[in-house]
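Text of start-v3.pdb, listed as PDB, C-alpha atoms and all ligand atoms:
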ATOM      1  CA  MET A   1      95.749 133.274 -36.906
ATOM      2  CA  THR A   2      95.480 130.156 -34.748
ATOM      3  CA  LYS A   3      98.098 129.294 -32.135
ATOM      4  CA  SER A   4      99.510 126.512 -34.277
ATOM      5  CA  GLU A   5      99.754 128.773 -37.339
ATOM      6  CA  ALA A   6     101.545 131.403 -35.243
ATOM      7  CA  LEU A   7     104.069 128.800 -34.164
ATOM      8  CA  LEU A   8     104.518 127.637 -37.746
ATOM      9  CA  TYR A   9     105.430 131.181 -38.822
ATOM     10  CA  ARG A  10     107.820 131.568 -35.903
ATOM     11  CA  GLN A  11     109.595 128.367 -36.834
ATOM     12  CA  ASN A  12     109.719 129.319 -40.536
ATOM     13  CA  PRO A  13     110.364 133.066 -40.627
ATOM     14  CA  GLY A  14     110.587 133.045 -44.436
ATOM     15  CA  LEU A  15     106.906 132.135 -44.840
ATOM     16  CA  PRO A  16     104.791 135.071 -45.974
ATOM     17  CA  GLN A  17     102.539 136.042 -43.142
ATOM     18  CA  PRO A  18      99.911 136.366 -41.942
ATOM     19  CA  LEU A  19      97.669 134.510 -44.365
ATOM     20  CA  HIS A  20      93.944 134.844 -43.840
ATOM     21  CA  CYS A  21      91.314 133.385 -46.133
ATOM     22  CA  GLY A  22      90.501 136.759 -47.734
ATOM     23  CA  GLN A  23      94.150 137.525 -48.245
ATOM     24  CA  ARG A  24      94.671 134.268 -50.071
ATOM     25  CA  ILE A  25      92.162 135.330 -52.698
ATOM     26  CA  ARG A  26      93.628 138.828 -53.046
ATOM     27  CA  GLU A  27      97.274 137.785 -53.066
ATOM     28  CA  PRO A  28      97.709 134.773 -55.349
ATOM     29  CA  ARG A  29     101.536 135.074 -55.317
ATOM     30  CA  LYS A  30     101.708 134.709 -51.541
ATOM     31  CA  THR A  31      99.215 131.893 -51.750
ATOM     32  CA  PHE A  32     101.450 130.083 -54.227
ATOM     33  CA  VAL A  33     104.454 130.256 -51.877
ATOM     34  CA  PHE A  34     102.317 129.258 -48.937
ATOM     35  CA  PHE A  35     100.928 126.224 -50.727
ATOM     36  CA  CYS A  36     104.369 125.207 -52.051
ATOM     37  CA  CYS A  37     105.620 125.198 -48.450
ATOM     38  CA  LEU A  38     102.458 123.568 -47.178
ATOM     39  CA  SER A  39     102.475 120.905 -49.855
ATOM     40  CA  PHE A  40     106.146 120.172 -49.026
ATOM     41  CA  PHE A  41     105.358 119.739 -45.354
ATOM     42  CA  SER A  42     102.076 117.930 -45.916
ATOM     43  CA  LYS A  43     103.809 115.434 -48.195
ATOM     44  CA  HIS A  44     106.778 114.791 -45.999
ATOM     45  CA  TYR A  45     105.935 115.658 -42.431
ATOM     46  CA  THR A  46     102.380 114.421 -42.044
ATOM     47  CA  ASN A  47     100.602 111.126 -41.913
ATOM     48  CA  PRO A  48      98.779 110.218 -45.103
ATOM     49  CA  GLY A  49      95.244 111.504 -44.833
ATOM     50  CA  GLY A  50      96.105 114.662 -42.864
ATOM     51  CA  SER A  51      94.732 117.084 -45.399
ATOM     52  CA  ASN A  52      93.462 120.276 -43.798
ATOM     53  CA  LEU A  53      95.518 123.156 -42.436
ATOM     54  CA  ILE A  54      95.286 122.591 -38.711
ATOM     55  CA  PRO A  55      96.270 118.901 -38.618
ATOM     56  CA  VAL A  56      99.086 119.667 -41.058
ATOM     57  CA  THR A  57     100.534 122.542 -39.020
ATOM     58  CA  GLN A  58     100.166 120.594 -35.810
ATOM     59  CA  ASN A  59     101.954 117.643 -37.355
ATOM     60  CA  ILE A  60     104.801 119.844 -38.580
ATOM     61  CA  MET A  61     105.472 120.825 -35.006
ATOM     62  CA  LYS A  62     104.882 117.426 -33.500
ATOM     63  CA  ARG A  63     106.871 115.296 -35.876
ATOM     64  CA  LYS A  64     110.617 115.291 -35.357
ATOM     65  CA  LEU A  65     112.969 113.846 -37.934
ATOM     66  CA  ASN A  66     114.773 110.715 -36.900
ATOM     67  CA  LEU A  67     118.430 111.749 -36.809
ATOM     68  CA  LYS A  68     121.537 109.574 -36.944
ATOM     69  CA  LYS A  69     125.113 110.500 -36.209
ATOM     70  CA  VAL A  70     127.622 110.762 -39.088
ATOM     71  CA  LYS A  71     131.225 111.940 -39.245
ATOM     72  CA  VAL A  72     132.214 114.811 -41.481
ATOM     73  CA  SER A  73     134.750 113.599 -44.027
ATOM     74  CA  ARG A  74     135.643 117.062 -45.318
ATOM     75  CA  GLN A  75     134.512 120.618 -45.559
ATOM     76  CA  ARG A  76     135.526 123.099 -48.275
ATOM     77  CA  GLU A  77     134.836 126.815 -48.558
ATOM     78  CA  ILE A  78     134.092 127.195 -52.283
ATOM     79  CA  ALA A  79     133.216 130.924 -52.199
ATOM     80  CA  PRO A  80     133.247 133.475 -49.374
ATOM     81  CA  GLY A  81     130.824 132.143 -46.739
ATOM     82  CA  VAL A  82     129.722 129.229 -48.944
ATOM     83  CA  PHE A  83     130.689 125.663 -48.058
ATOM     84  CA  VAL A  84     130.440 122.091 -49.265
ATOM     85  CA  LEU A  85     130.263 119.679 -46.350
ATOM     86  CA  SER A  86     130.733 115.974 -47.081
ATOM     87  CA  PHE A  87     130.133 112.740 -45.183
ATOM     88  CA  PRO A  88     130.149 109.054 -46.214
ATOM     89  CA  ARG A  89     126.824 108.110 -47.850
ATOM     90  CA  PRO A  90     124.813 106.021 -45.340
ATOM     91  CA  TRP A  91     121.689 105.401 -47.509
ATOM     92  CA  ASP A  92     120.345 105.416 -51.071
ATOM     93  CA  PHE A  93     118.478 108.492 -52.263
ATOM     94  CA  THR A  94     116.911 110.026 -55.355
ATOM     95  CA  ALA A  95     118.601 113.092 -56.843
ATOM     96  CA  GLY A  96     116.709 116.216 -55.765
ATOM     97  CA  GLN A  97     115.826 114.959 -52.293
ATOM     98  CA  VAL A  98     116.640 116.756 -49.035
ATOM     99  CA  ILE A  99     117.859 115.717 -45.598
ATOM    100  CA  GLY A 100     117.545 117.254 -42.149
ATOM    101  CA  ILE A 101     120.794 118.288 -40.460
ATOM    102  CA  SER A 102     121.333 119.204 -36.848
ATOM    103  CA  GLY A 103     124.193 119.719 -34.439
ATOM    104  CA  HIS A 104     122.537 117.506 -31.868
ATOM    105  CA  GLU A 105     120.121 114.579 -31.828
ATOM    106  CA  THR A 106     117.397 116.575 -30.094
ATOM    107  CA  ALA A 107     117.927 119.985 -31.718
ATOM    108  CA  GLU A 108     115.569 121.113 -34.475
ATOM    109  CA  ALA A 109     116.967 120.107 -37.857
ATOM    110  CA  ARG A 110     117.306 122.414 -40.876
ATOM    111  CA  LEU A 111     116.677 121.054 -44.372
ATOM    112  CA  TYR A 112     119.348 120.776 -47.075
ATOM    113  CA  SER A 113     119.269 119.433 -50.612
ATOM    114  CA  ILE A 114     121.795 116.749 -51.404
ATOM    115  CA  ALA A 115     124.234 118.112 -53.997
ATOM    116  CA  SER A 116     126.086 114.873 -54.835
ATOM    117  CA  GLY A 117     125.134 112.083 -57.241
ATOM    118  CA  GLU A 118     123.072 109.030 -56.335
ATOM    119  CA  LEU A 119     126.046 106.681 -56.677
ATOM    120  CA  ASP A 120     128.736 108.876 -55.144
ATOM    121  CA  ASP A 121     130.468 107.479 -52.082
ATOM    122  CA  GLU A 122     130.023 110.732 -50.198
ATOM    123  CA  VAL A 123     127.031 112.987 -49.638
ATOM    124  CA  ASP A 124     127.759 116.655 -50.407
ATOM    125  CA  ILE A 125     125.747 119.497 -48.915
ATOM    126  CA  LEU A 126     126.077 123.012 -50.321
ATOM    127  CA  TYR A 127     125.184 125.786 -47.896
ATOM    128  CA  ASN A 128     125.897 129.405 -47.134
ATOM    129  CA  ILE A 129     126.377 130.941 -43.708
ATOM    130  CA  ASN A 130     123.401 132.797 -42.377
ATOM    131  CA  PRO A 131     125.186 135.024 -39.835
ATOM    132  CA  GLU A 132     122.059 135.315 -37.662
ATOM    133  CA  GLY A 133     121.221 131.625 -37.996
ATOM    134  CA  LYS A 134     121.506 128.885 -35.422
ATOM    135  CA  LEU A 135     122.976 126.058 -37.491
ATOM    136  CA  THR A 136     125.063 127.397 -40.360
ATOM    137  CA  PRO A 137     127.623 129.488 -38.367
ATOM    138  CA  TRP A 138     128.236 126.413 -36.198
ATOM    139  CA  MET A 139     128.364 124.061 -39.187
ATOM    140  CA  ALA A 140     130.913 126.269 -40.964
ATOM    141  CA  GLN A 141     133.550 125.676 -38.297
ATOM    142  CA  LEU A 142     133.349 121.871 -38.462
ATOM    143  CA  ASN A 143     136.386 119.854 -39.484
ATOM    144  CA  THR A 144     137.103 116.331 -40.651
ATOM    145  CA  ALA A 145     135.933 113.707 -38.076
ATOM    146  CA  ASP A 146     133.550 116.099 -36.321
ATOM    147  CA  THR A 147     130.008 114.815 -35.796
ATOM    148  CA  ILE A 148     126.675 116.005 -37.210
ATOM    149  CA  TRP A 149     123.203 114.465 -37.054
ATOM    150  CA  VAL A 150     121.365 113.747 -40.295
ATOM    151  CA  SER A 151     117.952 112.367 -41.245
ATOM    152  CA  GLU A 152     117.205 109.929 -44.032
ATOM    153  CA  PRO A 153     116.564 111.560 -47.415
ATOM    154  CA  PHE A 154     113.041 112.548 -48.388
ATOM    155  CA  GLY A 155     111.179 114.853 -50.767
ATOM    156  CA  SER A 156     109.539 114.665 -54.163
ATOM    157  CA  PHE A 157     111.467 117.398 -55.990
ATOM    158  CA  THR A 158     113.204 114.689 -57.944
ATOM    159  CA  GLY A 159     114.753 114.715 -61.383
ATOM    160  CA  SER A 160     113.824 112.920 -64.553
ATOM    161  CA  GLY A 161     115.572 112.072 -67.812
ATOM    162  CA  GLU A 162     113.146 114.179 -69.909
ATOM    163  CA  ALA A 163     114.184 117.418 -71.621
ATOM    164  CA  GLY A 164     113.450 120.468 -69.495
ATOM    165  CA  TRP A 165     114.688 123.499 -67.615
ATOM    166  CA  TRP A 166     116.524 123.671 -64.330
ATOM    167  CA  ILE A 167     116.207 127.161 -62.855
ATOM    168  CA  ALA A 168     118.074 128.064 -59.652
ATOM    169  CA  SER A 169     119.140 131.005 -57.558
ATOM    170  CA  GLY A 170     122.106 130.895 -55.151
ATOM    171  CA  THR A 171     122.451 127.617 -53.244
ATOM    172  CA  GLY A 172     119.242 126.462 -54.969
ATOM    173  CA  ILE A 173     121.640 124.964 -57.500
ATOM    174  CA  ALA A 174     122.245 122.026 -55.084
ATOM    175  CA  PRO A 175     119.475 119.621 -56.252
ATOM    176  CA  PHE A 176     120.443 120.254 -59.882
ATOM    177  CA  SER A 177     124.027 119.392 -59.021
ATOM    178  CA  ALA A 178     122.703 116.063 -57.672
ATOM    179  CA  MET A 179     120.651 115.484 -60.844
ATOM    180  CA  PHE A 180     123.626 116.460 -63.010
ATOM    181  CA  ARG A 181     125.990 114.149 -61.128
ATOM    182  CA  THR A 182     123.416 111.366 -61.455
ATOM    183  CA  GLY A 183     123.505 111.774 -65.237
ATOM    184  CA  LEU A 184     120.069 113.333 -65.875
ATOM    185  CA  THR A 185     121.524 115.912 -68.260
ATOM    186  CA  ALA A 186     120.057 114.987 -71.666
ATOM    187  CA  GLY A 187     118.031 117.884 -73.100
ATOM    188  CA  LYS A 188     118.480 120.023 -69.982
ATOM    189  CA  LYS A 189     118.907 123.791 -69.944
ATOM    190  CA  LEU A 190     120.283 125.215 -66.706
ATOM    191  CA  LEU A 191     119.612 128.815 -65.739
ATOM    192  CA  HIS A 192     121.491 129.973 -62.624
ATOM    193  CA  GLY A 193     120.977 133.379 -61.069
ATOM    194  CA  GLY A 194     123.435 135.035 -58.697
ATOM    195  CA  ARG A 195     124.328 138.480 -57.405
ATOM    196  CA  ASP A 196     128.061 138.402 -58.095
ATOM    197  CA  LEU A 197     130.505 136.389 -60.175
ATOM    198  CA  LYS A 198     131.403 134.172 -57.200
ATOM    199  CA  SER A 199     127.794 132.947 -56.866
ATOM    200  CA  PHE A 200     127.963 130.357 -59.640
ATOM    201  CA  TYR A 201     128.831 127.318 -57.583
ATOM    202  CA  PHE A 202     129.968 124.239 -59.579
ATOM    203  CA  SER A 203     130.010 126.336 -62.773
ATOM    204  CA  GLU A 204     133.060 124.535 -64.212
ATOM    205  CA  MET A 205     131.299 121.178 -63.944
ATOM    206  CA  PHE A 206     128.068 122.449 -65.530
ATOM    207  CA  GLY A 207     129.788 124.492 -68.252
ATOM    208  CA  THR A 208     131.907 121.615 -69.498
ATOM    209  CA  GLU A 209     128.980 119.349 -70.238
ATOM    210  CA  LEU A 210     126.011 121.634 -70.841
ATOM    211  CA  GLY A 211     127.849 124.219 -72.992
ATOM    212  CA  GLU A 212     125.364 126.770 -74.358
ATOM    213  CA  ASN A 213     122.577 125.212 -72.335
ATOM    214  CA  TYR A 214     124.193 126.529 -69.154
ATOM    215  CA  VAL A 215     123.348 130.210 -68.639
ATOM    216  CA  ARG A 216     124.565 132.302 -65.713
ATOM    217  CA  CYS A 217     122.639 135.465 -64.951
ATOM    218  CA  CYS A 218     124.492 137.928 -62.769
ATOM    219  CA  SER A 219     122.596 140.920 -61.455
ATOM    220  CA  ARG A 220     125.403 143.020 -59.917
ATOM    221  CA  GLU A 221     128.565 142.254 -61.899
ATOM    222  CA  GLN A 222     129.503 141.714 -65.513
ATOM    223  CA  GLY A 223     131.613 138.836 -66.775
ATOM    224  CA  GLN A 224     132.570 136.984 -69.913
ATOM    225  CA  ASP A 225     129.824 134.686 -71.241
ATOM    226  CA  ILE A 226     127.560 135.783 -68.405
ATOM    227  CA  TYR A 227     124.176 137.371 -68.958
ATOM    228  CA  HIS A 228     124.089 140.707 -67.113
ATOM    229  CA  GLY A 229     120.745 140.923 -65.318
ATOM    230  CA  ARG A 230     118.396 138.803 -63.261
ATOM    231  CA  LEU A 231     117.336 135.407 -64.481
ATOM    232  CA  THR A 232     113.734 136.651 -64.615
ATOM    233  CA  GLN A 233     114.859 139.256 -67.164
ATOM    234  CA  TYR A 234     116.611 136.564 -69.188
ATOM    235  CA  LEU A 235     113.458 134.435 -69.197
ATOM    236  CA  THR A 236     111.303 137.388 -70.213
ATOM    237  CA  GLU A 237     113.592 138.023 -73.194
ATOM    238  CA  HIS A 238     113.937 134.359 -74.089
ATOM    239  CA  PRO A 239     111.692 133.618 -77.056
ATOM    240  CA  ASP A 240     111.618 129.848 -76.863
ATOM    241  CA  LEU A 241     109.889 128.438 -73.772
ATOM    242  CA  SER A 242     108.233 125.207 -74.792
ATOM    243  CA  PRO A 243     104.930 124.406 -73.030
ATOM    244  CA  SER A 244     105.597 120.685 -73.408
ATOM    245  CA  GLU A 245     108.773 120.796 -71.292
ATOM    246  CA  LYS A 246     109.012 120.684 -67.501
ATOM    247  CA  TYR A 247     110.425 123.623 -65.532
ATOM    248  CA  TYR A 248     112.145 122.839 -62.217
ATOM    249  CA  LEU A 249     112.584 125.874 -59.941
ATOM    250  CA  CYS A 250     114.702 125.953 -56.784
ATOM    251  CA  GLY A 251     115.772 128.816 -54.538
ATOM    252  CA  SER A 252     114.300 131.773 -52.706
ATOM    253  CA  ALA A 253     110.542 132.286 -52.527
ATOM    254  CA  GLU A 254     110.895 135.565 -54.407
ATOM    255  CA  MET A 255     112.682 133.951 -57.352
ATOM    256  CA  VAL A 256     110.318 130.976 -57.510
ATOM    257  CA  VAL A 257     107.205 133.157 -57.476
ATOM    258  CA  ASP A 258     108.546 135.615 -60.064
ATOM    259  CA  VAL A 259     109.627 132.830 -62.406
ATOM    260  CA  ARG A 260     106.355 130.993 -61.989
ATOM    261  CA  ASP A 261     104.453 134.157 -62.985
ATOM    262  CA  ILE A 262     106.579 134.597 -66.096
ATOM    263  CA  LEU A 263     106.170 130.957 -67.113
ATOM    264  CA  ILE A 264     102.411 131.033 -66.650
ATOM    265  CA  SER A 265     102.146 134.263 -68.637
ATOM    266  CA  ARG A 266     104.031 132.491 -71.416
ATOM    267  CA  GLY A 267     101.563 129.618 -71.555
ATOM    268  CA  ILE A 268     103.444 126.995 -69.542
ATOM    269  CA  PRO A 269     100.879 124.707 -67.875
ATOM    270  CA  PHE A 270     100.844 124.946 -64.079
ATOM    271  CA  ASP A 271     101.608 121.253 -63.677
ATOM    272  CA  HIS A 272     104.801 121.626 -65.726
ATOM    273  CA  ILE A 273     106.223 123.964 -63.081
ATOM    274  CA  ILE A 274     107.789 122.040 -60.207
ATOM    275  CA  SER A 275     109.249 124.068 -57.342
ATOM    276  CA  GLU A 276     111.321 123.756 -54.197
ATOM    277  CA  ILE A 277     111.450 126.849 -51.980
ATOM    278  CA  TYR A 278     114.293 127.410 -49.518
ATOM    279  CA  PHE A 279     112.937 129.324 -46.548
TER     280      PHE A 279
HETATM  281  C1  LIG B   1     113.303 122.187 -48.708
HETATM  282  C2  LIG B   1     114.476 123.055 -48.274
HETATM  283  C3  LIG B   1     115.756 122.773 -48.765
HETATM  284  C4  LIG B   1     116.830 123.606 -48.387
HETATM  285  N1  LIG B   1     118.082 123.335 -48.916
HETATM  286  C5  LIG B   1     119.101 124.178 -48.631
HETATM  287  C6  LIG B   1     120.414 123.957 -49.226
HETATM  288  O1  LIG B   1     120.653 122.995 -49.970
HETATM  289  N2  LIG B   1     121.401 124.854 -48.916
HETATM  290  C7  LIG B   1     121.176 125.944 -48.078
HETATM  291  O2  LIG B   1     122.108 126.728 -47.857
HETATM  292  N3  LIG B   1     119.965 126.136 -47.497
HETATM  293  C8  LIG B   1     118.944 125.286 -47.738
HETATM  294  N4  LIG B   1     117.712 125.491 -47.128
HETATM  295  C9  LIG B   1     117.615 126.526 -46.053
HETATM  296  C10 LIG B   1     118.092 125.875 -44.732
HETATM  297  O3  LIG B   1     117.162 124.878 -44.323
HETATM  298  C11 LIG B   1     118.228 126.871 -43.555
HETATM  299  O4  LIG B   1     117.045 127.603 -43.463
HETATM  300  C12 LIG B   1     119.403 127.851 -43.715
HETATM  301  O5  LIG B   1     120.618 127.160 -43.931
HETATM  302  C13 LIG B   1     119.536 128.723 -42.439
HETATM  303  O6  LIG B   1     119.765 127.903 -41.319
HETATM  304  P1  LIG B   1     120.313 128.526 -39.946
HETATM  305  O7  LIG B   1     120.077 127.517 -38.878
HETATM  306  O8  LIG B   1     121.705 129.021 -40.100
HETATM  307  O9  LIG B   1     119.381 129.775 -39.745
HETATM  308  P2  LIG B   1     118.070 129.863 -38.807
HETATM  309  O10 LIG B   1     118.419 129.719 -37.376
HETATM  310  O11 LIG B   1     117.057 128.922 -39.356
HETATM  311  O12 LIG B   1     117.643 131.349 -39.067
HETATM  312  C14 LIG B   1     117.208 131.796 -40.367
HETATM  313  C15 LIG B   1     116.810 133.260 -40.258
HETATM  314  O13 LIG B   1     115.685 133.373 -39.430
HETATM  315  C16 LIG B   1     115.959 134.276 -38.376
HETATM  316  N5  LIG B   1     115.404 133.699 -37.129
HETATM  317  C17 LIG B   1     115.789 132.553 -36.543
HETATM  318  N6  LIG B   1     115.052 132.328 -35.438
HETATM  319  C18 LIG B   1     114.191 133.390 -35.319
HETATM  320  C19 LIG B   1     113.178 133.751 -34.407
HETATM  321  N7  LIG B   1     112.895 132.982 -33.335
HETATM  322  N8  LIG B   1     112.486 134.881 -34.621
HETATM  323  C20 LIG B   1     112.766 135.657 -35.699
HETATM  324  N9  LIG B   1     113.710 135.366 -36.597
HETATM  325  C21 LIG B   1     114.419 134.260 -36.416
HETATM  326  C22 LIG B   1     117.447 134.424 -38.259
HETATM  327  O14 LIG B   1     117.778 135.713 -37.832
HETATM  328  C23 LIG B   1     117.899 134.145 -39.663
HETATM  329  O15 LIG B   1     117.977 135.337 -40.399
HETATM  330  C24 LIG B   1     116.629 124.689 -47.484
HETATM  331  C25 LIG B   1     115.345 124.924 -46.973
HETATM  332  C26 LIG B   1     114.284 124.135 -47.364
HETATM  333  C27 LIG B   1     112.916 124.418 -46.816
END
Could you render the structure as structure tokens?
Amino acid sequence: MTKSEALLYRQNPGLPQPLHCGQRIREPRKTFVFFCCLSFFSKHYTNPGGSNLIPVTQNIMKRKLNLKKVKVSRQREIAPGVFVLSFPRPWDFTAGQVIGISGHETAEARLYSIASGELDDEVDILYNINPEGKLTPWMAQLNTADTIWVSEPFGSFTGSGEAGWWIASGTGIAPFSAMFRTGLTAGKKLLHGGRDLKSFYFSEMFGTELGENYVRCCSREQGQDIYHGRLTQYLTEHPDLSPSEKYYLCGSAEMVVDVRDILISRGIPFDHIISEIYF
């Protein structure tokens, strides 16, 4: 591993590591996650034309997001340890995009999907506390009128009006909330996986409009109208996965990779699977 790759892994502990050329061939699942992450960074953190690994990783470390100060308008705890933080919308964005957030202009920003609609007056961010983390424990104690630093929106995990599947685990529901609140709901099926019954953030909003096309999969608890099991199990049992539809995946690397494998085994073309990995 080169020095710059080592630094990349230190900055992004969720990345599978280490990845050597031989390993990439033997472990296609890890390669998929790696290239999802790499393609995200190469699209959004590098200069156009920077195409091979070393310039990309160097650029990730060199390029800092341009952060501007905003005031928190409110913060709500919607489930134990899970918050929605809001601030007045300072820019236009496309549903599905992310922003960088930091506690200070010069501190390294973390990325968050916007969870509110394109025309909403406020930007909502859905996040959970990572007790060992640097930003989220601090962010969770913010109150109205406190200051955070945010970047402009960016990212190409954006929604469309075509029929398709939204598949999320945990806080990976955030970009689909933005797409939903922007009105991109026609022909959409939403599959949300969570460990317990409190994990289905915004479920009232989704349930009211999507009806049977909103499926919650709960792995550790049972509840009314909730599929008991992981969302991967639900997909495996689901007979009707159309190869002509698009499948949008957002959440942990594990979920994204498992779902991608199932979809491919069911004949869904690779380019109909669009993913955003939270790491
Ligand atoms: C594209 C994208 C979109 C995202 N959107 C969302 C979203 O909408 N909502 C959401 O909740 N999250 C989202 N995330 C995840 C988010 O960016 C943060 O990673 C998460 O909130 C944790 O931030 P933190 O500062 O609290 O933790 P961090 O400080 O980043 O720590 C994360 C973990 O790494 C460990 N760690 C930290 N530093 C080191 C180190 N030096 N050595 C070893 N281990 C270390 C910590 O122990 C901790 O377990 C997204 C990520 C990506 C890539």
Requested in this report: List all protein, DNA and RNA residues that have an atom no more than 6 Å from any atom of ligand LIG 1 (chain B), counting only C-alpha atoms and all ligand atoms, and report them as an NGL selection string.
Outcome: :A and (10 or 13 or 110-113 or 126-128 or 130 or 132-136 or 171 or 174 or 277-279)
Report task. Provide the CA of Glu209 (chain A) to CA of Gly251 (chain A) distance in Å, to one decimal place. Result -> 22.6 Å
Report summary line: One residue among A:Pro88, A:Gly267, A:Gly172, A:Gly211 is nearest to Ala253 (chain A) when using only C-alpha atoms, and that residue is A:Gly172
Query raised in the report: Excluding same-chain residues fewer than 2 positions from Thr232 (chain A), what lies within 12 Å of it counting all atoms listed in the file, as a PyMOL selection string?
Result: chain A and resi 167-169+191-194+216-219+227-230+234-238+249+254-263
Query - Shell around Asn66 (chain A) at 9 Å using all atoms listed in the file, local window under 6 positions removed, as a ChimeraX atom specification - result: /A:100,105,150-152
Could N, CA and C atoms be built for region 141-156 of chain A and written out as an mmCIF file, in the frame of the given file?
data_model
loop_
_atom_site.group_PDB
_atom_site.id
_atom_site.type_symbol
_atom_site.label_atom_id
_atom_site.label_comp_id
_atom_site.auth_asym_id
_atom_site.auth_seq_id
_atom_site.Cartn_x
_atom_site.Cartn_y
_atom_site.Cartn_z
ATOM 1 N N GLN A 141 132.251 125.861 -38.952
ATOM 2 C CA GLN A 141 133.550 125.676 -38.297
ATOM 3 C C GLN A 141 133.873 124.193 -38.043
ATOM 4 N N LEU A 142 133.096 123.306 -38.641
ATOM 5 C CA LEU A 142 133.349 121.871 -38.462
ATOM 6 C C LEU A 142 134.555 121.433 -39.295
ATOM 7 N N ASN A 143 135.234 120.411 -38.778
ATOM 8 C CA ASN A 143 136.386 119.854 -39.484
ATOM 9 C C ASN A 143 136.206 118.359 -39.676
ATOM 10 N N THR A 144 137.107 117.773 -40.432
ATOM 11 C CA THR A 144 137.103 116.331 -40.651
ATOM 12 C C THR A 144 137.017 115.599 -39.304
ATOM 13 N N ALA A 145 136.140 114.572 -39.252
ATOM 14 C CA ALA A 145 135.933 113.707 -38.076
ATOM 15 C C ALA A 145 135.010 114.317 -37.024
ATOM 16 N N ASP A 146 134.584 115.556 -37.214
ATOM 17 C CA ASP A 146 133.550 116.099 -36.321
ATOM 18 C C ASP A 146 132.208 115.415 -36.630
ATOM 19 N N THR A 147 131.278 115.538 -35.672
ATOM 20 C CA THR A 147 130.008 114.815 -35.796
ATOM 21 C C THR A 147 128.852 115.759 -36.110
ATOM 22 N N ILE A 148 127.963 115.315 -37.020
ATOM 23 C CA ILE A 148 126.675 116.005 -37.210
ATOM 24 C C ILE A 148 125.579 114.942 -37.171
ATOM 25 N N TRP A 149 124.342 115.382 -37.075
ATOM 26 C CA TRP A 149 123.203 114.465 -37.054
ATOM 27 C C TRP A 149 122.389 114.693 -38.317
ATOM 28 N N VAL A 150 122.093 113.597 -39.030
ATOM 29 C CA VAL A 150 121.365 113.747 -40.295
ATOM 30 C C VAL A 150 120.165 112.801 -40.342
ATOM 31 N N SER A 151 119.128 113.224 -41.062
ATOM 32 C CA SER A 151 117.952 112.367 -41.245
ATOM 33 C C SER A 151 118.158 111.521 -42.503
ATOM 34 N N GLU A 152 117.223 110.627 -42.754
ATOM 35 C CA GLU A 152 117.205 109.929 -44.032
ATOM 36 C C GLU A 152 116.716 110.912 -45.093
ATOM 37 N N PRO A 153 117.023 110.646 -46.363
ATOM 38 C CA PRO A 153 116.564 111.560 -47.415
ATOM 39 C C PRO A 153 115.063 111.458 -47.650
ATOM 40 N N PHE A 154 114.459 112.542 -48.045
ATOM 41 C CA PHE A 154 113.041 112.548 -48.388
ATOM 42 C C PHE A 154 112.763 113.714 -49.338
ATOM 43 N N GLY A 155 111.551 113.755 -49.878
ATOM 44 C CA GLY A 155 111.179 114.853 -50.767
ATOM 45 C C GLY A 155 110.863 114.356 -52.165
ATOM 46 N N SER A 156 109.985 115.098 -52.830
ATOM 47 C CA SER A 156 109.539 114.665 -54.163
ATOM 48 C C SER A 156 109.991 115.614 -55.279
#
